[in-house]
Every structure is written in C-alpha cells, then in structure tokens.
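The file query11.cif comes next; it holds mmCIF, C-alpha atoms and all ligand atoms.
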data_start
loop_
_atom_site.label_atom_id
_atom_site.label_comp_id
_atom_site.auth_asym_id
_atom_site.auth_seq_id
_atom_site.Cartn_x
_atom_site.Cartn_y
_atom_site.Cartn_z
CA MET I 1 0.24 14.06 -28.02
CA THR I 2 -0.80 15.57 -24.70
CA ILE I 3 -3.98 17.42 -23.79
CA GLY I 4 -3.59 20.05 -21.09
CA PHE I 5 -6.36 20.68 -18.57
CA PHE I 6 -6.19 23.80 -16.44
CA ASP I 7 -8.11 24.98 -13.37
CA SER I 8 -7.44 27.08 -10.28
CA GLY I 9 -7.59 23.88 -8.21
CA ILE I 10 -9.14 20.41 -8.29
CA GLY I 11 -12.42 21.47 -9.98
CA GLY I 12 -11.20 20.81 -13.51
CA LEU I 13 -10.74 17.16 -12.55
CA SER I 14 -14.50 16.79 -12.99
CA VAL I 15 -13.98 17.69 -16.66
CA LEU I 16 -10.89 15.51 -16.96
CA ALA I 17 -12.90 12.56 -15.62
CA GLU I 18 -15.39 13.07 -18.44
CA SER I 19 -12.52 13.25 -20.94
CA PHE I 20 -11.15 9.92 -19.68
CA ARG I 21 -14.52 8.38 -20.44
CA ARG I 22 -14.75 9.74 -23.94
CA LEU I 23 -11.09 9.94 -24.98
CA PRO I 24 -9.41 7.17 -22.99
CA ALA I 25 -6.43 6.81 -25.33
CA GLN I 26 -5.10 10.35 -24.86
CA ASN I 27 -2.39 11.47 -22.47
CA TYR I 28 -3.15 14.33 -20.15
CA LEU I 29 -1.35 17.05 -18.25
CA TYR I 30 -3.43 18.61 -15.48
CA MET I 31 -2.39 21.88 -13.87
CA ALA I 32 -3.87 23.56 -10.80
CA ASP I 33 -2.94 27.10 -9.82
CA THR I 34 -2.71 26.19 -6.16
CA LEU I 35 -0.90 29.37 -5.23
CA HIS I 36 -3.94 31.43 -6.16
CA VAL I 37 -7.03 29.26 -5.71
CA PRO I 38 -9.81 30.37 -5.30
CA TYR I 39 -10.15 32.63 -8.32
CA GLY I 40 -13.84 33.39 -7.89
CA THR I 41 -13.40 35.91 -5.09
CA LYS I 42 -10.43 37.77 -6.63
CA SER I 43 -10.23 40.65 -9.10
CA GLU I 44 -10.44 40.21 -12.84
CA GLU I 45 -6.96 41.72 -13.37
CA ASP I 46 -5.32 39.43 -10.83
CA VAL I 47 -6.98 36.30 -12.17
CA LYS I 48 -6.04 37.15 -15.73
CA ALA I 49 -2.38 37.46 -14.76
CA PHE I 50 -2.53 34.16 -12.82
CA VAL I 51 -4.11 32.31 -15.73
CA LEU I 52 -1.64 33.60 -18.32
CA GLU I 53 1.30 32.70 -16.12
CA SER I 54 -0.01 29.19 -15.47
CA ILE I 55 -0.76 28.44 -19.11
CA GLU I 56 2.70 29.65 -20.09
CA ALA I 57 4.10 27.08 -17.63
CA MET I 58 1.92 24.36 -19.20
CA MET I 59 3.08 25.31 -22.69
CA GLY I 60 6.63 24.84 -21.45
CA GLU I 61 5.74 21.21 -20.71
CA GLY I 62 4.61 20.69 -24.32
CA ILE I 63 0.85 20.40 -24.74
CA ASP I 64 -0.94 19.95 -28.07
CA ALA I 65 -4.41 21.12 -27.00
CA LEU I 66 -5.73 23.01 -23.99
CA VAL I 67 -8.95 22.76 -22.04
CA VAL I 68 -9.52 25.72 -19.73
CA ALA I 69 -11.51 23.58 -17.30
CA CYS I 70 -12.61 26.58 -15.28
CA ASN I 71 -15.56 28.83 -16.03
CA THR I 72 -14.00 31.80 -14.24
CA ALA I 73 -10.67 31.60 -16.08
CA THR I 74 -12.44 31.09 -19.40
CA SER I 75 -14.57 34.20 -18.95
CA ILE I 76 -11.47 36.27 -18.34
CA ALA I 77 -8.75 34.85 -20.54
CA VAL I 78 -9.91 32.44 -23.25
CA GLU I 79 -9.88 34.98 -26.09
CA GLU I 80 -6.39 36.15 -25.23
CA LEU I 81 -5.15 32.55 -24.95
CA ARG I 82 -6.43 31.85 -28.46
CA THR I 83 -4.48 34.79 -29.84
CA LEU I 84 -1.33 33.83 -27.91
CA TYR I 85 -1.20 30.14 -28.86
CA SER I 86 -1.89 28.24 -32.05
CA ILE I 87 -3.01 24.98 -30.40
CA PRO I 88 -6.76 24.25 -30.02
CA VAL I 89 -8.15 25.94 -26.90
CA VAL I 90 -11.47 24.82 -25.44
CA GLY I 91 -13.17 27.01 -22.86
CA MET I 92 -16.19 26.58 -20.61
CA GLU I 93 -19.23 28.66 -19.82
CA PRO I 94 -22.22 27.90 -17.59
CA ALA I 95 -24.69 25.73 -19.55
CA VAL I 96 -27.38 28.42 -19.49
CA LYS I 97 -28.38 28.12 -23.13
CA PRO I 98 -29.24 24.40 -23.10
CA ALA I 99 -30.90 24.81 -19.69
CA VAL I 100 -33.22 27.53 -21.02
CA GLU I 101 -34.03 25.32 -24.01
CA MET I 102 -34.69 22.25 -21.85
CA ASN I 103 -37.06 24.28 -19.69
CA ARG I 104 -39.04 25.77 -22.53
CA ALA I 105 -41.78 23.18 -22.30
CA THR I 106 -42.04 23.11 -18.49
CA GLY I 107 -42.41 26.85 -17.81
CA LYS I 108 -40.03 26.43 -14.85
CA ARG I 109 -37.10 28.66 -13.99
CA VAL I 110 -33.33 28.00 -14.21
CA LEU I 111 -30.98 28.47 -11.27
CA VAL I 112 -27.29 28.96 -12.08
CA PHE I 113 -24.65 28.27 -9.43
CA ALA I 114 -21.24 29.84 -10.17
CA THR I 115 -18.42 31.83 -8.60
CA PRO I 116 -19.05 35.50 -7.77
CA LEU I 117 -16.49 36.56 -10.40
CA THR I 118 -18.06 34.50 -13.21
CA LEU I 119 -21.48 35.95 -12.41
CA GLN I 120 -20.30 39.55 -12.39
CA LEU I 121 -18.31 39.47 -15.64
CA PRO I 122 -19.66 40.93 -18.92
CA LYS I 123 -19.36 37.53 -20.61
CA TYR I 124 -21.99 36.04 -18.31
CA TYR I 125 -24.25 39.05 -18.63
CA ALA I 126 -23.97 38.83 -22.43
CA LEU I 127 -24.72 35.08 -22.36
CA VAL I 128 -27.86 35.48 -20.24
CA SER I 129 -29.07 38.49 -22.26
CA ARG I 130 -28.64 36.47 -25.45
CA VAL I 131 -30.42 33.27 -24.44
CA ASP I 132 -32.84 34.15 -21.63
CA ASP I 133 -35.67 35.45 -23.80
CA ARG I 134 -38.31 34.78 -21.11
CA GLY I 135 -36.43 36.14 -18.09
CA ILE I 136 -36.33 32.78 -16.29
CA VAL I 137 -32.66 32.64 -15.27
CA ASP I 138 -31.61 33.34 -11.67
CA SER I 139 -28.00 33.24 -10.47
CA LEU I 140 -26.58 32.21 -7.13
CA PRO I 141 -22.90 32.78 -6.26
CA MET I 142 -21.43 29.96 -4.18
CA PRO I 143 -17.91 31.09 -3.21
CA GLU I 144 -17.73 28.82 -0.14
CA LEU I 145 -18.22 25.70 -2.23
CA VAL I 146 -14.81 25.99 -3.89
CA ARG I 147 -13.17 26.19 -0.47
CA TYR I 148 -15.12 23.16 0.77
CA CYS I 149 -14.12 21.23 -2.32
CA GLU I 150 -10.46 22.21 -2.05
CA ASP I 151 -10.56 20.97 1.56
CA LEU I 152 -12.08 17.68 0.32
CA GLN I 153 -15.07 18.40 2.51
CA PHE I 154 -17.60 15.85 1.29
CA ASP I 155 -19.39 15.14 4.56
CA LYS I 156 -23.00 14.70 3.50
CA ARG I 157 -24.54 16.31 6.57
CA ILE I 158 -22.29 19.39 6.53
CA MET I 159 -22.79 19.92 2.82
CA GLU I 160 -26.55 19.39 2.94
CA ASP I 161 -26.77 22.01 5.70
CA TYR I 162 -24.74 24.38 3.55
CA PHE I 163 -26.93 23.87 0.47
CA ARG I 164 -30.13 24.15 2.50
CA ALA I 165 -29.02 27.52 3.87
CA LYS I 166 -28.02 28.79 0.43
CA LEU I 167 -31.27 27.62 -1.16
CA SER I 168 -33.60 28.80 1.60
CA PRO I 169 -34.57 32.06 -0.20
CA PHE I 170 -35.74 30.07 -3.25
CA ASP I 171 -39.02 28.25 -3.82
CA LEU I 172 -37.67 25.14 -5.52
CA ASP I 173 -41.06 24.28 -6.98
CA ASP I 174 -40.50 27.17 -9.39
CA TYR I 175 -37.28 25.68 -10.78
CA GLY I 176 -36.77 22.95 -13.36
CA ILE I 177 -32.98 22.97 -13.69
CA VAL I 178 -29.92 23.76 -11.63
CA VAL I 179 -26.84 24.62 -13.70
CA LEU I 180 -23.46 23.90 -12.13
CA GLY I 181 -21.45 26.79 -13.60
CA CYS I 182 -18.17 26.09 -11.84
CA THR I 183 -16.11 22.95 -12.36
CA HIS I 184 -15.68 22.39 -8.63
CA TYR I 185 -19.41 21.95 -8.15
CA PRO I 186 -19.97 18.56 -9.85
CA PHE I 187 -18.13 17.04 -6.88
CA TYR I 188 -21.43 17.72 -5.10
CA THR I 189 -23.84 16.44 -7.76
CA ASP I 190 -24.71 13.35 -5.71
CA THR I 191 -25.31 15.40 -2.56
CA LEU I 192 -27.51 17.83 -4.47
CA ARG I 193 -29.36 14.99 -6.18
CA GLY I 194 -30.17 13.56 -2.79
CA MET I 195 -31.70 16.76 -1.47
CA LEU I 196 -33.21 18.65 -4.42
CA PRO I 197 -36.81 17.82 -5.39
CA PRO I 198 -36.79 15.00 -7.99
CA HIS I 199 -38.28 17.20 -10.74
CA ILE I 200 -35.13 19.40 -10.78
CA ARG I 201 -32.49 18.35 -13.29
CA ILE I 202 -28.84 19.05 -12.53
CA VAL I 203 -26.67 19.94 -15.51
CA ASP I 204 -23.04 20.84 -15.97
CA GLY I 205 -21.02 21.70 -19.05
CA ASN I 206 -18.56 18.82 -18.78
CA ALA I 207 -19.90 16.45 -21.43
CA GLY I 208 -20.44 19.32 -23.89
CA THR I 209 -16.89 20.58 -23.30
CA VAL I 210 -15.33 17.18 -23.98
CA LYS I 211 -17.47 16.80 -27.08
CA ARG I 212 -16.10 20.12 -28.34
CA LEU I 213 -12.57 19.01 -27.48
CA ALA I 214 -13.03 15.80 -29.49
CA ALA I 215 -14.38 17.77 -32.47
CA LEU I 216 -11.49 20.26 -32.33
CA LEU I 217 -8.89 17.47 -32.19
CA HIS I 218 -10.41 16.14 -35.40
CA ARG I 219 -10.53 19.55 -37.02
CA PHE I 220 -6.87 20.19 -36.20
CA GLY I 221 -6.05 16.72 -37.52
CA ILE I 222 -4.46 15.59 -34.28
CA ALA I 223 -7.11 13.21 -32.93
CA GLY I 224 -5.50 10.22 -34.63
CA ASP I 225 -2.23 10.74 -32.78
CA ALA I 226 -3.84 9.24 -29.71
CA LYS I 227 -1.29 6.65 -28.73
CA GLY I 228 -1.49 7.25 -25.03
CA SER I 229 -3.07 5.10 -22.39
CA GLY I 230 -5.11 7.71 -20.60
CA ASN I 231 -2.36 8.55 -18.18
CA VAL I 232 -2.30 11.90 -16.45
CA ARG I 233 0.54 14.04 -15.21
CA PHE I 234 -0.18 16.58 -12.53
CA MET I 235 1.48 19.91 -11.92
CA CYS I 236 0.65 22.84 -9.67
CA SER I 237 1.92 26.37 -9.31
CA GLY I 238 3.09 25.84 -5.76
CA GLY I 239 4.90 22.64 -6.65
CA ASP I 240 3.62 21.14 -3.41
CA PRO I 241 3.79 17.30 -3.47
CA ALA I 242 0.95 17.10 -0.92
CA TYR I 243 -1.31 18.94 -3.35
CA ILE I 244 -0.35 16.52 -6.14
CA ASP I 245 -1.49 13.68 -3.84
CA LYS I 246 -4.70 15.55 -3.22
CA MET I 247 -5.33 15.84 -6.96
CA ARG I 248 -4.87 12.08 -7.33
CA THR I 249 -7.31 11.40 -4.50
CA ALA I 250 -9.85 13.86 -5.92
CA LEU I 251 -9.61 12.37 -9.41
CA GLU I 252 -10.26 8.86 -8.07
CA LEU I 253 -13.16 10.22 -6.10
CA ILE I 254 -14.84 11.93 -9.00
CA ARG I 255 -14.20 9.02 -11.37
CA GLY I 256 -15.72 6.62 -8.86
CA ASN I 257 -18.72 8.86 -8.31
CA ALA I 258 -21.77 8.40 -10.42
CA ILE I 259 -21.65 11.99 -11.64
CA GLU I 260 -24.79 12.94 -13.44
CA THR I 261 -23.56 14.61 -16.58
CA GLU I 262 -25.94 15.75 -19.23
CA ASP I 263 -25.01 15.94 -22.86
CA VAL I 264 -26.18 19.49 -22.99
CA LEU I 265 -24.53 21.08 -26.01
N1 LIG A 301 -13.33 25.93 -10.93
C1 LIG A 301 -13.44 27.27 -11.30
C2 LIG A 301 -14.66 27.57 -12.15
O1 LIG A 301 -15.08 26.71 -12.91
C3 LIG A 301 -13.11 28.38 -10.33
C4 LIG A 301 -13.15 28.15 -8.87
C5 LIG A 301 -12.40 29.24 -8.11
O2 LIG A 301 -11.17 29.20 -8.12
O3 LIG A 301 -13.06 30.11 -7.52
O4 LIG A 301 -15.18 28.64 -12.16
#
This structure in structure tokens:
Amino acid sequence: MTIGFFDSGIGGLSVLAESFRRLPAQNYLYMADTLHVPYGTKSEEDVKAFVLESIEAMMGEGIDALVVACNTATSIAVEELRTLYSIPVVGMEPAVKPAVEMNRATGKRVLVFATPLTLQLPKYYALVSRVDDRGIVDSLPMPELVRYCEDLQFDKRIMEDYFRAKLSPFDLDDYGIVVLGCTHYPFYTDTLRGMLPPHIRIVDGNAGTVKRLAALLHRFGIAGDAKGSGNVRFMCSGGDPAYIDKMRTALELIRGNAIETEDVL
C-alpha cells in the first residue's frame, strides 16, 4: 500500500510531513514536476497537461491513493483525475471557508496568499463567492515565494524584507487570519509568525487534507493495509538526482520545523 503525493516542486512536502505525523505506518511516493515548476505563473492549459502527465507516471509506479498536494494543480485537474482513476484522490484548496468562520466573532478580515494562477481560476472565485458572505476576504498573489522556496532560500532577513514589501499596502490591524493557500508557503510559517502581529493567526490546509486522506482510506477499506514504516520514495519529472537530494533536505527541514498547522476543516 503506497500513498502518492504530488506537487510541482518541494511544496507538497509540507503536506507529506503532516501525513507522517498522522499516518506514520504508511509508505509514500512523492513526485515533483521539476521540469515545469513553478506552475503558478503558467497557463491553465499547460499546467493541466503537466499534471496529467506526472500523475500518469506516478500511476505507473503503483499507488493506491493520491494526494494532489498542490492548490494550483488541484484547481485545474482534480475533477479530471477522479474520472481517470479509481483510487481515492484528495485535493487541496485554500482554507478560506474555515478562516471566514474563525473570523466571524472578531470582525477582522482574511488575507489569502496563493499563486497567481490559483487566484485567477474560477474554482477560487466560486469558493470565495460561496463562503465570503461579509466581503472580508482579500487575496495576495506571491509568485516569488515558490522560487525562493525551490532555491531553499530561508534566510530570515531576506525573507522578512520580502514579506514586509509584499504586505506594505495592507493595514495588518484589520486582519485576523492569513491563509497559506499554496503548499510551498508553510516553509515560511515560522518567519511569518515572527513578523506578523501576534493577533493574526496563520492557517494552512495541511492538517485538514491529511484528515480527509485518512477518512478516504477508511472509506475505501484500504487504511488497514498500512504495513509500511513511513518510508518515502522520491521521484521527479527531470530525473535529476540533485533534486532528489534537495527533496530529502527540504523534508527534514519541514519535519524539524515547528510548523503551525491548524486543524481547520
Ligand atoms: N505548491 C503549489 C500550490 O500549492 C504550486 C506552486 C507553483 O508551482 O507555483 O499551489
């Protein structure tokens, strides 16, 4: 029994790290589409083709469940993947709904960080229209952050300068929650925690996604097959061994980090 995790790059490792915590006895296959990362600045048509090709390669390795650990890829391809394959498929979307609910009592606004592509797709527009009944959700594309993350740029000073510049148009007193709507971004939760005002909560969809995965494994009757030891196999579209090393380093990093994950769903 193997659970596949897919992302354009190393971002999905933040979701995999959460899965290790909750489902430590599973075996995992993690794939990054290194030939095409970043997705968030490309066209919908291109990204769809990249995702379908990558998942086909993962299916060839024999996976029993799939987590599309990428908000951008989910928005574009999750429905099609569910029609193509009979295994359980878990997707991700920015945790806007729980954030709006959590903020109901405070009267504060919600700020969603995501890739430009996620924010411009109909799925995101539909999500916000459905749940944002008070018009409190603002969205901020952060395309550079995926690049920084892929370069393992975690220098506190450089990243704080970057976030300060991005956040300068916003009055942070007005906000109660920041939603990390891209799986690369939780690599910067600690940095953000250190610089955002303490009243702002930081949420991502990782814990909720793994909860859904666990429930689906039960529903499909395959949860009990967990005989693994939490080992992970890596693959990437470029087949570059240096990138595989990078994935290992990044996974250790994110597992070692005290990532603030909220059980938001
Ligand atoms: N990690 C991905 C996401 O959750 C996409 C990053 C990218 O390739 O632009 O949206």
* To do: For range 156-167 of chain I, list every protein, DNA or RNA residue within 9 Å, evaluated using all atoms listed in the file, and leave out those in the same chain fewer than 2 positions away; present the list as an NGL selection string.
  => :I and (140 or 142 or 145 or 148 or 153-154 or 169-172 or 188 or 191-192 or 194-195)
Kindly export the residues of the current selection with C-alpha atoms, as a PDB file, in the coordinates of the input.
ATOM      1  CA  LEU I 140     -26.580  32.210  -7.130  1.00  0.00           C
ATOM      2  CA  MET I 142     -21.430  29.960  -4.180  1.00  0.00           C
ATOM      3  CA  LEU I 145     -18.220  25.700  -2.230  1.00  0.00           C
ATOM      4  CA  TYR I 148     -15.120  23.160   0.770  1.00  0.00           C
ATOM      5  CA  GLN I 153     -15.070  18.400   2.510  1.00  0.00           C
ATOM      6  CA  PHE I 154     -17.600  15.850   1.290  1.00  0.00           C
ATOM      7  CA  PRO I 169     -34.570  32.060  -0.200  1.00  0.00           C
ATOM      8  CA  PHE I 170     -35.740  30.070  -3.250  1.00  0.00           C
ATOM      9  CA  ASP I 171     -39.020  28.250  -3.820  1.00  0.00           C
ATOM     10  CA  LEU I 172     -37.670  25.140  -5.520  1.00  0.00           C
ATOM     11  CA  TYR I 188     -21.430  17.720  -5.100  1.00  0.00           C
ATOM     12  CA  THR I 191     -25.310  15.400  -2.560  1.00  0.00           C
ATOM     13  CA  LEU I 192     -27.510  17.830  -4.470  1.00  0.00           C
ATOM     14  CA  GLY I 194     -30.170  13.560  -2.790  1.00  0.00           C
ATOM     15  CA  MET I 195     -31.700  16.760  -1.470  1.00  0.00           C
TER      16      MET I 195
END
With the cut-off set at 7 Å and counting only C-alpha atoms and all ligand atoms, tabulate each residue of chain I with an atom at most that distance from an atom of ligand LIG 301 (chain A), showing the nearest atom pair and its distance in Å to one decimal, ordered by chain and increasing number, as a tab-separated table.
residue	atom	partner	partner_atom	distance
I:Asp7	CA	A:LIG301	N1	5.8
I:Ser8	CA	A:LIG301	O2	4.8
I:Gly9	CA	A:LIG301	O2	6.4
I:Gly11	CA	A:LIG301	N1	4.6
I:Gly12	CA	A:LIG301	N1	6.1
I:Val37	CA	A:LIG301	O2	4.8
I:Pro38	CA	A:LIG301	O2	3.3
I:Tyr39	CA	A:LIG301	O2	3.6
I:Gly40	CA	A:LIG301	O3	3.4
I:Thr41	CA	A:LIG301	O3	6.3
I:Ala69	CA	A:LIG301	O1	6.5
I:Cys70	CA	A:LIG301	O1	3.4
I:Asn71	CA	A:LIG301	O1	3.8
I:Thr72	CA	A:LIG301	O4	4.0
I:Ala73	CA	A:LIG301	O4	6.7
I:Ala114	CA	A:LIG301	O4	6.5
I:Thr115	CA	A:LIG301	O3	5.7
I:Thr118	CA	A:LIG301	O4	6.6
I:Pro143	CA	A:LIG301	O3	6.6
I:Val146	CA	A:LIG301	C4	5.7
I:Gly181	CA	A:LIG301	O1	6.4
I:Cys182	CA	A:LIG301	O1	3.3
I:Thr183	CA	A:LIG301	O1	3.9
I:His184	CA	A:LIG301	N1	4.8
Once you add 6 Å to each side, what are the centre and edge lengths of the axis-aligned box holding all listed atoms of range 93-104 of chain I? One decimal in Å, as JSON, if you can.
{"center_x": -29.1, "center_y": 25.5, "center_z": -20.8, "size_x": 31.8, "size_y": 18.4, "size_z": 18.4}
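Here the question is which of I:Val178, I:Ile244, I:Asp151, I:Gly62 gets nearest to Arg193 in chain I using all atoms listed in the file, and that residue is I:Val178.
CA of Asp133 in chain I is positioned 12.0 Å from CA of Arg109 in chain I.
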* Asked: Near Lys246 in chain I, within 12 Å and counting only C-alpha atoms, which residues show up once chain neighbours fewer than 2 positions away are dropped, as a VMD selection string?
  -> chain I and resid 9 to 11 13 32 34 149 to 152 234 to 236 240 to 244 248 to 253
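For the choices I:Met58, I:Leu66, I:Ile3, I:Val112, the atom-to-atom distance to Pro94 in chain I is smallest for I:Val112 when using only C-alpha atoms.
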Contacts of Leu35 in chain I at 7 Å or less, counting all atoms listed in the file, minus same-chain residues fewer than 2 places along, as an mmCIF file with C-alpha atoms, in the coordinates of the input?
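The result, stored in out-v6.cif:
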data_model
loop_
_atom_site.group_PDB
_atom_site.id
_atom_site.type_symbol
_atom_site.label_atom_id
_atom_site.label_comp_id
_atom_site.auth_asym_id
_atom_site.auth_seq_id
_atom_site.Cartn_x
_atom_site.Cartn_y
_atom_site.Cartn_z
ATOM 1 C CA ASP I 33 -2.940 27.100 -9.820
ATOM 2 C CA VAL I 37 -7.030 29.260 -5.710
ATOM 3 C CA SER I 237 1.920 26.370 -9.310
ATOM 4 C CA GLY I 238 3.090 25.840 -5.760
#
* Which one of I:Ser19, I:Ser86, I:Ser54, I:Ser14 sits closest to Lys211 in chain I if you count only C-alpha atoms? -> I:Ser19
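For the atom pair formed by CA of Asp132 in chain I and CA of Val96 in chain I, the distance is 8.2 Å, given to one decimal.
Picture a line from CA of Arg22 in chain I to CA of Ala207 in chain I; it runs 8.8 Å.
With all atoms listed in the file as the atoms that count, the residue of I:Glu101, I:Asp138, I:Glu53, I:Glu44 with the shortest distance to Ser75 in chain I is I:Glu44.
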* **Shell around Lys97 in chain I at 8 Å using all atoms listed in the file, local window under 5 positions removed, as an MDAnalysis selection string** => chainID I and resid 127:128 131:132
